[in-house]
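Asker: If it helps, the file is called target-v1.txt and holds compact mmCIF, C-alpha atoms:
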```
# COMPACT_ATOMS: atom_id res chain seq x y z
CA MET A 1 260.85 103.94 60.96
CA LEU A 2 262.06 105.09 57.58
CA THR A 3 261.02 108.57 56.53
CA LEU A 4 259.32 109.13 53.18
CA ARG A 5 262.51 110.69 51.83
CA SER A 6 264.56 107.68 52.91
CA SER A 7 262.10 105.36 51.22
CA LEU A 8 262.27 107.35 48.00
CA LEU A 9 266.05 107.34 48.10
CA ARG A 10 266.17 103.57 48.51
CA SER A 11 263.61 103.03 45.74
CA ALA A 12 265.47 105.33 43.40
CA ALA A 13 268.80 103.67 44.08
CA ALA A 14 267.28 100.27 43.34
CA LEU A 15 265.98 101.48 39.98
CA VAL A 16 269.42 102.44 38.68
CA THR A 17 271.62 99.41 38.07
CA PRO A 18 275.30 99.76 37.09
CA ALA A 19 274.51 98.36 33.63
CA ALA A 20 271.69 100.86 33.10
CA ALA A 21 273.85 103.73 34.25
CA ALA A 22 276.63 102.74 31.87
CA ALA A 23 274.17 102.57 28.97
CA GLN A 24 272.87 106.10 29.52
CA PRO A 25 274.32 108.87 27.32
CA ARG A 26 276.79 111.16 29.05
CA VAL A 27 275.46 114.64 29.78
CA HIS A 28 277.83 117.52 30.51
CA LEU A 29 276.81 120.75 32.21
CA SER A 30 280.21 122.08 33.22
CA THR A 31 281.65 125.22 31.67
CA GLY A 32 285.44 124.99 31.41
CA PRO A 33 286.61 123.57 28.05
CA GLN A 34 283.10 122.28 27.31
CA GLN A 35 281.52 125.77 27.39
CA LYS A 36 281.19 126.43 23.65
CA HIS A 37 279.64 129.86 23.96
CA LYS A 38 280.71 132.91 25.94
CA THR A 39 277.13 134.10 26.44
CA PHE A 40 276.00 134.01 30.04
CA TYR A 41 272.99 135.15 32.03
CA GLU A 42 273.22 137.11 35.24
CA PHE A 43 270.49 136.32 37.76
CA ARG A 44 269.81 139.22 40.12
CA THR A 45 267.54 139.11 43.18
CA TYR A 46 266.70 142.26 45.12
CA CYS A 47 264.96 142.31 48.49
CA ILE A 48 262.88 145.44 48.96
CA ARG A 49 261.86 147.21 52.16
CA PRO A 50 258.22 146.17 52.74
CA ASP A 51 257.01 149.75 52.88
CA GLN A 52 258.82 150.59 49.63
CA ASN A 53 257.77 147.70 47.41
CA ALA A 54 255.18 149.60 45.37
CA ALA A 55 257.41 152.67 45.10
CA PHE A 56 260.37 150.60 43.89
CA LEU A 57 258.33 148.89 41.18
CA LYS A 58 256.88 152.23 40.05
CA LEU A 59 260.33 153.83 39.86
CA THR A 60 261.78 150.87 37.98
CA ASN A 61 258.88 150.89 35.52
CA GLU A 62 259.56 154.57 34.78
CA LYS A 63 263.36 154.41 34.59
CA ILE A 64 264.28 150.91 33.38
CA HIS A 65 264.97 152.34 29.91
CA LEU A 66 268.06 154.00 31.36
CA ARG A 67 269.42 150.56 32.22
CA THR A 68 268.32 148.65 29.11
CA ALA A 69 270.14 151.25 26.98
CA HIS A 70 273.36 149.53 28.12
CA SER A 71 272.61 145.77 27.92
CA GLU A 72 269.84 143.27 27.21
CA LEU A 73 267.19 142.53 29.80
CA ILE A 74 265.65 139.07 29.39
CA GLY A 75 262.94 139.35 32.04
CA TYR A 76 261.95 141.12 35.24
CA TRP A 77 259.56 139.54 37.74
CA SER A 78 257.94 140.28 41.07
CA VAL A 79 258.06 137.29 43.42
CA GLU A 80 254.61 136.29 44.67
CA TYR A 81 255.35 133.04 46.52
CA GLY A 82 258.69 131.77 47.82
CA GLY A 83 259.99 135.17 48.84
CA LEU A 84 258.30 138.32 50.11
CA ASN A 85 259.08 141.77 48.72
CA GLN A 86 261.51 140.46 46.13
CA VAL A 87 262.16 141.05 42.45
CA PHE A 88 264.12 138.73 40.17
CA HIS A 89 265.65 139.75 36.83
CA ILE A 90 267.88 138.18 34.18
CA TRP A 91 270.45 140.06 32.08
CA LYS A 92 272.25 138.65 29.05
CA TYR A 93 275.94 139.26 28.34
CA ASP A 94 278.13 138.08 25.47
CA SER A 95 281.28 137.97 27.61
CA TYR A 96 282.72 139.04 30.95
CA SER A 97 284.48 141.94 29.24
CA GLN A 98 281.16 143.17 27.87
CA ARG A 99 279.64 143.08 31.34
CA ALA A 100 282.64 144.96 32.76
CA GLY A 101 282.19 147.61 30.09
CA VAL A 102 278.49 147.92 30.88
CA ARG A 103 279.16 148.34 34.61
CA ALA A 104 281.80 150.99 33.88
CA ALA A 105 279.44 152.88 31.57
CA LEU A 106 276.63 152.80 34.14
CA ALA A 107 278.95 154.23 36.78
CA GLN A 108 279.52 157.20 34.47
CA ASP A 109 275.89 157.64 33.40
CA PRO A 110 274.57 160.71 35.27
CA SER A 111 270.92 160.03 34.41
CA TRP A 112 271.09 156.45 35.67
CA ILE A 113 272.76 157.53 38.90
CA SER A 114 270.64 160.58 39.68
CA GLU A 115 267.24 159.42 38.40
CA TYR A 116 267.36 155.77 39.48
CA ILE A 117 270.24 154.47 41.60
CA SER A 118 270.22 157.28 44.14
CA LYS A 119 266.48 156.73 44.69
CA ALA A 120 266.30 152.94 44.39
CA MET A 121 269.19 151.89 46.63
CA PRO A 122 267.64 153.20 49.89
CA MET A 123 264.56 151.09 49.11
CA LEU A 124 266.53 147.81 49.10
CA THR A 125 267.61 145.64 52.01
CA SER A 126 269.86 143.30 50.02
CA GLN A 127 271.04 142.29 46.55
CA ASP A 128 272.28 138.97 45.21
CA ASN A 129 273.64 138.00 41.82
CA GLU A 130 274.64 134.77 40.14
CA VAL A 131 276.36 134.05 36.82
CA THR A 132 274.69 131.21 34.94
CA TYR A 133 274.97 129.45 31.58
CA LEU A 134 272.29 127.58 29.71
CA VAL A 135 272.95 123.86 29.96
CA PRO A 136 273.97 122.37 26.58
CA TRP A 137 270.64 120.62 26.03
CA SER A 138 268.51 123.72 26.75
CA GLN A 139 267.79 126.84 24.75
CA LEU A 140 266.13 130.02 25.99
CA GLN A 141 262.50 129.77 24.91
CA LYS A 142 259.72 132.30 24.70
CA PRO A 143 256.45 131.49 26.49
CA PRO A 144 253.59 130.34 24.24
CA GLN A 145 251.68 133.55 24.98
CA GLU A 146 251.90 136.68 27.08
CA GLY A 147 250.53 136.64 30.59
CA GLY A 148 250.63 133.73 32.95
CA VAL A 149 253.10 133.04 35.75
CA TYR A 150 256.68 131.84 35.96
CA GLU A 151 258.30 129.45 38.39
CA LEU A 152 262.01 129.55 39.17
CA ILE A 153 263.24 126.31 40.74
CA SER A 154 266.76 126.29 42.17
CA TYR A 155 268.44 122.98 42.97
CA GLN A 156 271.50 122.43 45.09
CA MET A 157 272.85 119.10 43.92
CA ARG A 158 275.13 116.92 46.01
CA PRO A 159 278.89 117.01 45.39
CA GLY A 160 280.15 115.16 42.37
CA GLY A 161 279.16 117.45 39.53
CA PRO A 162 277.24 116.75 36.31
CA ALA A 163 279.24 113.61 35.60
CA VAL A 164 277.37 112.06 38.53
CA TRP A 165 273.89 113.61 38.36
CA GLY A 166 273.63 115.23 34.90
CA ASN A 167 271.72 112.43 33.19
CA ALA A 168 269.19 112.06 35.99
CA PHE A 169 268.64 115.82 36.24
CA GLN A 170 268.05 116.16 32.50
CA ALA A 171 265.59 113.25 32.52
CA ALA A 172 263.63 114.72 35.45
CA VAL A 173 263.38 118.13 33.79
CA THR A 174 262.44 116.89 30.34
CA ALA A 175 259.81 114.59 31.85
CA HIS A 176 257.95 117.71 32.98
CA ASP A 177 258.58 119.61 29.73
CA ALA A 178 255.87 117.77 27.82
CA PRO A 179 252.34 118.40 26.52
CA GLY A 180 249.96 118.90 29.40
CA TYR A 181 252.66 120.21 31.73
CA GLY A 182 254.53 123.48 32.05
CA LYS A 183 256.68 125.14 29.38
CA LEU A 184 260.41 125.06 30.11
CA VAL A 185 261.82 128.52 29.37
CA GLY A 186 265.40 127.56 30.18
CA ALA A 187 267.65 125.34 32.29
CA PHE A 188 270.77 126.98 33.71
CA HIS A 189 273.81 125.96 35.69
CA SER A 190 275.65 128.32 38.00
CA GLU A 191 279.21 129.49 37.50
CA PHE A 192 279.38 132.03 40.31
CA GLY A 193 276.87 132.44 43.10
CA GLN A 194 276.06 131.14 46.54
CA LEU A 195 279.25 129.87 48.13
CA ASN A 196 280.74 129.43 44.64
CA ARG A 197 279.06 126.04 44.41
CA GLY A 198 279.21 126.35 40.66
CA THR A 199 278.47 123.16 38.82
CA ASN A 200 276.47 121.70 41.71
CA ARG A 201 273.79 124.43 41.50
CA VAL A 202 271.22 124.42 38.70
CA HIS A 203 268.00 126.27 37.92
CA THR A 204 264.94 125.78 35.76
CA LEU A 205 262.59 128.55 34.67
CA TRP A 206 259.03 127.50 33.78
CA TRP A 207 255.94 129.20 32.36
CA PHE A 208 252.34 128.33 33.28
CA GLU A 209 249.05 129.79 32.16
CA SER A 210 248.14 130.60 35.77
CA ALA A 211 248.94 129.68 39.35
CA ASP A 212 245.95 127.34 39.33
CA GLN A 213 247.19 125.58 36.21
CA ARG A 214 250.56 125.12 37.88
CA ALA A 215 248.81 123.53 40.88
CA GLU A 216 246.88 121.18 38.58
CA VAL A 217 250.06 120.19 36.76
CA ARG A 218 251.83 119.41 40.01
CA HIS A 219 248.95 117.20 41.15
CA LYS A 220 248.91 115.46 37.77
CA SER A 221 252.65 114.74 37.94
CA HIS A 222 252.21 112.83 41.21
CA HIS A 223 250.14 110.24 39.33
CA ASP A 224 252.24 110.05 36.17
CA ALA A 225 254.46 106.96 36.40
CA ARG A 226 256.84 108.34 33.77
CA VAL A 227 257.43 111.56 35.72
CA VAL A 228 257.57 109.83 39.11
CA ALA A 229 260.27 107.44 37.91
CA ALA A 230 262.40 110.26 36.48
CA VAL A 231 262.11 112.31 39.68
CA ARG A 232 263.02 109.33 41.85
CA ASN A 233 266.19 108.80 39.86
CA SER A 234 267.13 112.45 40.33
CA VAL A 235 266.23 113.01 43.98
CA VAL A 236 269.09 110.82 45.20
CA HIS A 237 271.45 113.55 44.01
CA LEU A 238 269.49 116.47 45.48
CA ASP A 239 270.63 118.29 48.60
CA SER A 240 268.03 121.09 48.67
CA GLN A 241 265.52 122.90 46.49
CA SER A 242 263.75 126.26 46.51
CA ASN A 243 260.81 127.46 44.40
CA LYS A 244 259.61 130.95 43.54
CA LEU A 245 256.34 131.71 41.76
CA MET A 246 256.66 135.03 39.95
CA PHE A 247 254.63 137.49 37.91
CA PRO A 248 256.26 139.42 35.05
CA CYS A 249 256.41 143.17 35.55
CA PRO A 250 254.74 145.37 32.92
CA PHE A 251 258.14 146.44 31.56
CA SER A 252 259.55 142.89 31.38
CA PRO A 253 260.52 141.81 27.82
CA MET A 254 259.48 138.27 28.76
CA LYS A 255 255.82 138.35 29.78
```
Would you mind writing the file's structure down as structure tokens?

Answerer:
Amino acid sequence: MLTLRSSLLRSAAALVTPAAAAAQPRVHLSTGPQQKHKTFYEFRTYCIRPDQNAAFLKLTNEKIHLRTAHSELIGYWSVEYGGLNQVFHIWKYDSYSQRAGVRAALAQDPSWISEYISKAMPMLTSQDNEVTYLVPWSQLQKPPQEGGVYELISYQMRPGGPAVWGNAFQAAVTAHDAPGYGKLVGAFHSEFGQLNRGTNRVHTLWWFESADQRAEVRHKSHHDARVVAAVRNSVVHLDSQSNKLMFPCPFSPMK
């Protein structure tokens, strides 16, 4: 008996004919010679000791100014669903040399080291970072209003790169970025991160009014033929997916 996933894969494959694929505009996500801008965004995820979660957030709230004095913080979130005792934050850099200069300056900043790092590091169990670029068809957007919740969706696409799955991925994302759905804050592709998978790993960051509104939107999408068709065309290229629902911290620039 075919599984539901197998059925979807067959249906999706049948929808995309060679002629239709050739007629679609080419979409490029790769960096290399096509990366017009040096600006990149560093995704950082920290896992906190369960008994230190509140203390870590309190310390960060009090001392984050020591860090933002060196480079721009885009947003800082506490993960509510999709990861326990985690925080996720995004930092903007104009170049790799700028980031190297920031890291060097932080290592020589006595206030940062004594007032924050020396206290925060024992509270953590792990750290992970990933260098990402905005895809060419996406810009970093502000949410319509403060408050609400954010969803970070990370996709591991199958080998082949954007030349194979870029069009379908863009169509699936933009199908959801429409009136009555969530607000796309940004779509990113990875340059360095998990297993250096680079151009096969992409992320979308969404804003919703509330967790309940997000649930309503997801239910609505299941009955929207336009969205269903776009997702079916994209899922054939998907290897795995993870979702995190997050709340902005009080000190986050993006709320």

Asker: State, in Å with one decimal place, the distance from atom CA of A:Pro248 to atom CA of A:Pro50.

Answerer: 19.0 Å

Asker: Go through A:Phe43, A:Phe188, A:Trp77, A:Phe208 and flag the residue nearest A:Gly148, using only C-alpha atoms for the distances.

Answerer: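 Using only C-alpha atoms, the shortest distance to A:Gly148 belongs to A:Phe208.
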
Asker: Pick from A:Ile74, A:Met157, A:Leu134, A:Ala100: nearest to A:Asp239, with all atoms listed in the file counted?

Answerer: A:Met157

Asker: Hey, which of A:Asp51, A:Asp109, A:Glu62, A:Asp128 ends up closest to A:Val87? Count only C-alpha atoms.

Answerer: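 Checking each of A:Asp51, A:Asp109, A:Glu62, A:Asp128 against A:Val87, counting only C-alpha atoms, the winner is A:Asp128.
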
Asker: Determine the nearest neighbour of A:His65 from the options A:Pro159, A:Ala104, A:Tyr116, A:Lys220, counting all atoms listed in the file.

Answerer: A:Tyr116

Asker: Go through A:Leu238, A:Ala55, A:Ile113, A:Leu73 one by one, measure the shortest atom-to-atom distance of each to A:Val164 using all atoms listed in the file, and give the residue with the smallest value.

Answerer: A:Leu238

Asker: What does the structure give for the distance between atom CA of A:Thr132 and atom CA of A:Arg44, in Å to one decimal?

Answerer: 10.7 Å

Asker: With distances taken over all atoms listed in the file, which residue among A:Gly82, A:Pro250, A:Pro122, A:Gly75 lies nearest A:Asn53?

Answerer: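 Closest to A:Asn53 of all the choices is A:Pro122.
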
Asker: To one decimal place, how far is atom CA of A:Thr125 from atom CA of A:Trp207 in Å?

Answerer: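 Interatomic distance here is 28.2 Å.
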
Asker: Got a sec: who's within 7 Å of A:Val149, counting all atoms listed in the file, leaving out chain neighbours fewer than 4 positions off, as a VMD selection string?

Answerer: chain A and resid 207 to 211 245 to 247

Asker: As a PDB file, keeping the file's coordinate frame, please: stretch 131-166 of chain A completed to N, CA and C atoms.

Answerer:
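As a result, rebuild22.pdb now contains:
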```
ATOM      1  N   VAL A 131     276.043 134.233  38.240  1.00  0.00           N
ATOM      2  CA  VAL A 131     276.360 134.050  36.820  1.00  0.00           C
ATOM      3  C   VAL A 131     275.968 132.637  36.423  1.00  0.00           C
ATOM      4  N   THR A 132     275.161 132.527  35.383  1.00  0.00           N
ATOM      5  CA  THR A 132     274.690 131.210  34.940  1.00  0.00           C
ATOM      6  C   THR A 132     274.873 131.065  33.432  1.00  0.00           C
ATOM      7  N   TYR A 133     274.959 129.805  32.999  1.00  0.00           N
ATOM      8  CA  TYR A 133     274.970 129.450  31.580  1.00  0.00           C
ATOM      9  C   TYR A 133     273.799 128.521  31.319  1.00  0.00           C
ATOM     10  N   LEU A 134     273.260 128.592  30.117  1.00  0.00           N
ATOM     11  CA  LEU A 134     272.290 127.580  29.710  1.00  0.00           C
ATOM     12  C   LEU A 134     272.994 126.239  29.625  1.00  0.00           C
ATOM     13  N   VAL A 135     272.357 125.189  30.113  1.00  0.00           N
ATOM     14  CA  VAL A 135     272.950 123.860  29.960  1.00  0.00           C
ATOM     15  C   VAL A 135     272.934 123.508  28.478  1.00  0.00           C
ATOM     16  N   PRO A 136     273.849 122.652  28.018  1.00  0.00           N
ATOM     17  CA  PRO A 136     273.970 122.370  26.580  1.00  0.00           C
ATOM     18  C   PRO A 136     272.697 121.862  25.905  1.00  0.00           C
ATOM     19  N   TRP A 137     271.839 121.181  26.657  1.00  0.00           N
ATOM     20  CA  TRP A 137     270.640 120.620  26.030  1.00  0.00           C
ATOM     21  C   TRP A 137     269.421 121.547  26.127  1.00  0.00           C
ATOM     22  N   SER A 138     269.631 122.779  26.600  1.00  0.00           N
ATOM     23  CA  SER A 138     268.510 123.720  26.750  1.00  0.00           C
ATOM     24  C   SER A 138     268.776 124.992  25.963  1.00  0.00           C
ATOM     25  N   GLN A 139     267.735 125.532  25.399  1.00  0.00           N
ATOM     26  CA  GLN A 139     267.790 126.840  24.750  1.00  0.00           C
ATOM     27  C   GLN A 139     266.785 127.759  25.424  1.00  0.00           C
ATOM     28  N   LEU A 140     267.061 129.065  25.397  1.00  0.00           N
ATOM     29  CA  LEU A 140     266.130 130.020  25.990  1.00  0.00           C
ATOM     30  C   LEU A 140     264.905 130.117  25.093  1.00  0.00           C
ATOM     31  N   GLN A 141     263.744 129.809  25.667  1.00  0.00           N
ATOM     32  CA  GLN A 141     262.500 129.770  24.910  1.00  0.00           C
ATOM     33  C   GLN A 141     261.573 130.916  25.323  1.00  0.00           C
ATOM     34  N   LYS A 142     260.756 131.333  24.382  1.00  0.00           N
ATOM     35  CA  LYS A 142     259.720 132.300  24.700  1.00  0.00           C
ATOM     36  C   LYS A 142     258.471 131.559  25.170  1.00  0.00           C
ATOM     37  N   PRO A 143     257.696 132.158  26.074  1.00  0.00           N
ATOM     38  CA  PRO A 143     256.450 131.490  26.490  1.00  0.00           C
ATOM     39  C   PRO A 143     255.482 131.425  25.316  1.00  0.00           C
ATOM     40  N   PRO A 144     254.538 130.495  25.355  1.00  0.00           N
ATOM     41  CA  PRO A 144     253.590 130.340  24.240  1.00  0.00           C
ATOM     42  C   PRO A 144     252.739 131.585  24.016  1.00  0.00           C
ATOM     43  N   GLN A 145     252.507 132.351  25.076  1.00  0.00           N
ATOM     44  CA  GLN A 145     251.680 133.550  24.980  1.00  0.00           C
ATOM     45  C   GLN A 145     252.061 134.487  26.123  1.00  0.00           C
ATOM     46  N   GLU A 146     251.649 135.726  26.008  1.00  0.00           N
ATOM     47  CA  GLU A 146     251.900 136.680  27.080  1.00  0.00           C
ATOM     48  C   GLU A 146     250.937 136.430  28.236  1.00  0.00           C
ATOM     49  N   GLY A 147     251.340 136.891  29.410  1.00  0.00           N
ATOM     50  CA  GLY A 147     250.530 136.640  30.590  1.00  0.00           C
ATOM     51  C   GLY A 147     250.983 135.371  31.264  1.00  0.00           C
ATOM     52  N   GLY A 148     250.255 134.935  32.246  1.00  0.00           N
ATOM     53  CA  GLY A 148     250.630 133.730  32.950  1.00  0.00           C
ATOM     54  C   GLY A 148     251.612 133.994  34.065  1.00  0.00           C
ATOM     55  N   VAL A 149     252.166 132.935  34.623  1.00  0.00           N
ATOM     56  CA  VAL A 149     253.100 133.040  35.750  1.00  0.00           C
ATOM     57  C   VAL A 149     254.343 132.214  35.431  1.00  0.00           C
ATOM     58  N   TYR A 150     255.413 132.538  36.130  1.00  0.00           N
ATOM     59  CA  TYR A 150     256.680 131.840  35.960  1.00  0.00           C
ATOM     60  C   TYR A 150     257.091 131.223  37.292  1.00  0.00           C
ATOM     61  N   GLU A 151     257.761 130.087  37.194  1.00  0.00           N
ATOM     62  CA  GLU A 151     258.300 129.450  38.390  1.00  0.00           C
ATOM     63  C   GLU A 151     259.800 129.251  38.204  1.00  0.00           C
ATOM     64  N   LEU A 152     260.570 129.774  39.150  1.00  0.00           N
ATOM     65  CA  LEU A 152     262.010 129.550  39.170  1.00  0.00           C
ATOM     66  C   LEU A 152     262.303 128.507  40.237  1.00  0.00           C
ATOM     67  N   ILE A 153     262.873 127.383  39.807  1.00  0.00           N
ATOM     68  CA  ILE A 153     263.240 126.310  40.740  1.00  0.00           C
ATOM     69  C   ILE A 153     264.756 126.232  40.787  1.00  0.00           C
ATOM     70  N   SER A 154     265.316 126.338  41.983  1.00  0.00           N
ATOM     71  CA  SER A 154     266.760 126.290  42.170  1.00  0.00           C
ATOM     72  C   SER A 154     267.112 125.016  42.935  1.00  0.00           C
ATOM     73  N   TYR A 155     268.043 124.251  42.380  1.00  0.00           N
ATOM     74  CA  TYR A 155     268.440 122.980  42.970  1.00  0.00           C
ATOM     75  C   TYR A 155     269.897 123.045  43.424  1.00  0.00           C
ATOM     76  N   GLN A 156     270.132 122.634  44.647  1.00  0.00           N
ATOM     77  CA  GLN A 156     271.500 122.430  45.090  1.00  0.00           C
ATOM     78  C   GLN A 156     271.768 120.939  45.062  1.00  0.00           C
ATOM     79  N   MET A 157     272.557 120.522  44.081  1.00  0.00           N
ATOM     80  CA  MET A 157     272.850 119.100  43.920  1.00  0.00           C
ATOM     81  C   MET A 157     273.994 118.695  44.841  1.00  0.00           C
ATOM     82  N   ARG A 158     274.073 117.424  45.134  1.00  0.00           N
ATOM     83  CA  ARG A 158     275.130 116.920  46.010  1.00  0.00           C
ATOM     84  C   ARG A 158     276.471 116.929  45.280  1.00  0.00           C
ATOM     85  N   PRO A 159     277.575 116.957  46.024  1.00  0.00           N
ATOM     86  CA  PRO A 159     278.890 117.010  45.390  1.00  0.00           C
ATOM     87  C   PRO A 159     279.101 115.858  44.414  1.00  0.00           C
ATOM     88  N   GLY A 160     279.866 116.149  43.395  1.00  0.00           N
ATOM     89  CA  GLY A 160     280.150 115.160  42.370  1.00  0.00           C
ATOM     90  C   GLY A 160     280.072 115.742  40.978  1.00  0.00           C
ATOM     91  N   GLY A 161     279.248 116.784  40.825  1.00  0.00           N
ATOM     92  CA  GLY A 161     279.160 117.450  39.530  1.00  0.00           C
ATOM     93  C   GLY A 161     278.281 116.716  38.534  1.00  0.00           C
ATOM     94  N   PRO A 162     278.123 117.309  37.343  1.00  0.00           N
ATOM     95  CA  PRO A 162     277.240 116.750  36.310  1.00  0.00           C
ATOM     96  C   PRO A 162     277.602 115.347  35.860  1.00  0.00           C
ATOM     97  N   ALA A 163     278.872 114.960  35.994  1.00  0.00           N
ATOM     98  CA  ALA A 163     279.240 113.610  35.600  1.00  0.00           C
ATOM     99  C   ALA A 163     278.492 112.571  36.422  1.00  0.00           C
ATOM    100  N   VAL A 164     278.083 112.962  37.644  1.00  0.00           N
ATOM    101  CA  VAL A 164     277.370 112.060  38.530  1.00  0.00           C
ATOM    102  C   VAL A 164     275.861 112.172  38.353  1.00  0.00           C
ATOM    103  N   TRP A 165     275.348 113.429  38.332  1.00  0.00           N
ATOM    104  CA  TRP A 165     273.890 113.610  38.360  1.00  0.00           C
ATOM    105  C   TRP A 165     273.298 114.230  37.094  1.00  0.00           C
ATOM    106  N   GLY A 166     274.131 114.530  36.081  1.00  0.00           N
ATOM    107  CA  GLY A 166     273.630 115.230  34.900  1.00  0.00           C
ATOM    108  C   GLY A 166     272.547 114.505  34.147  1.00  0.00           C
TER     109      GLY A 166
END
```
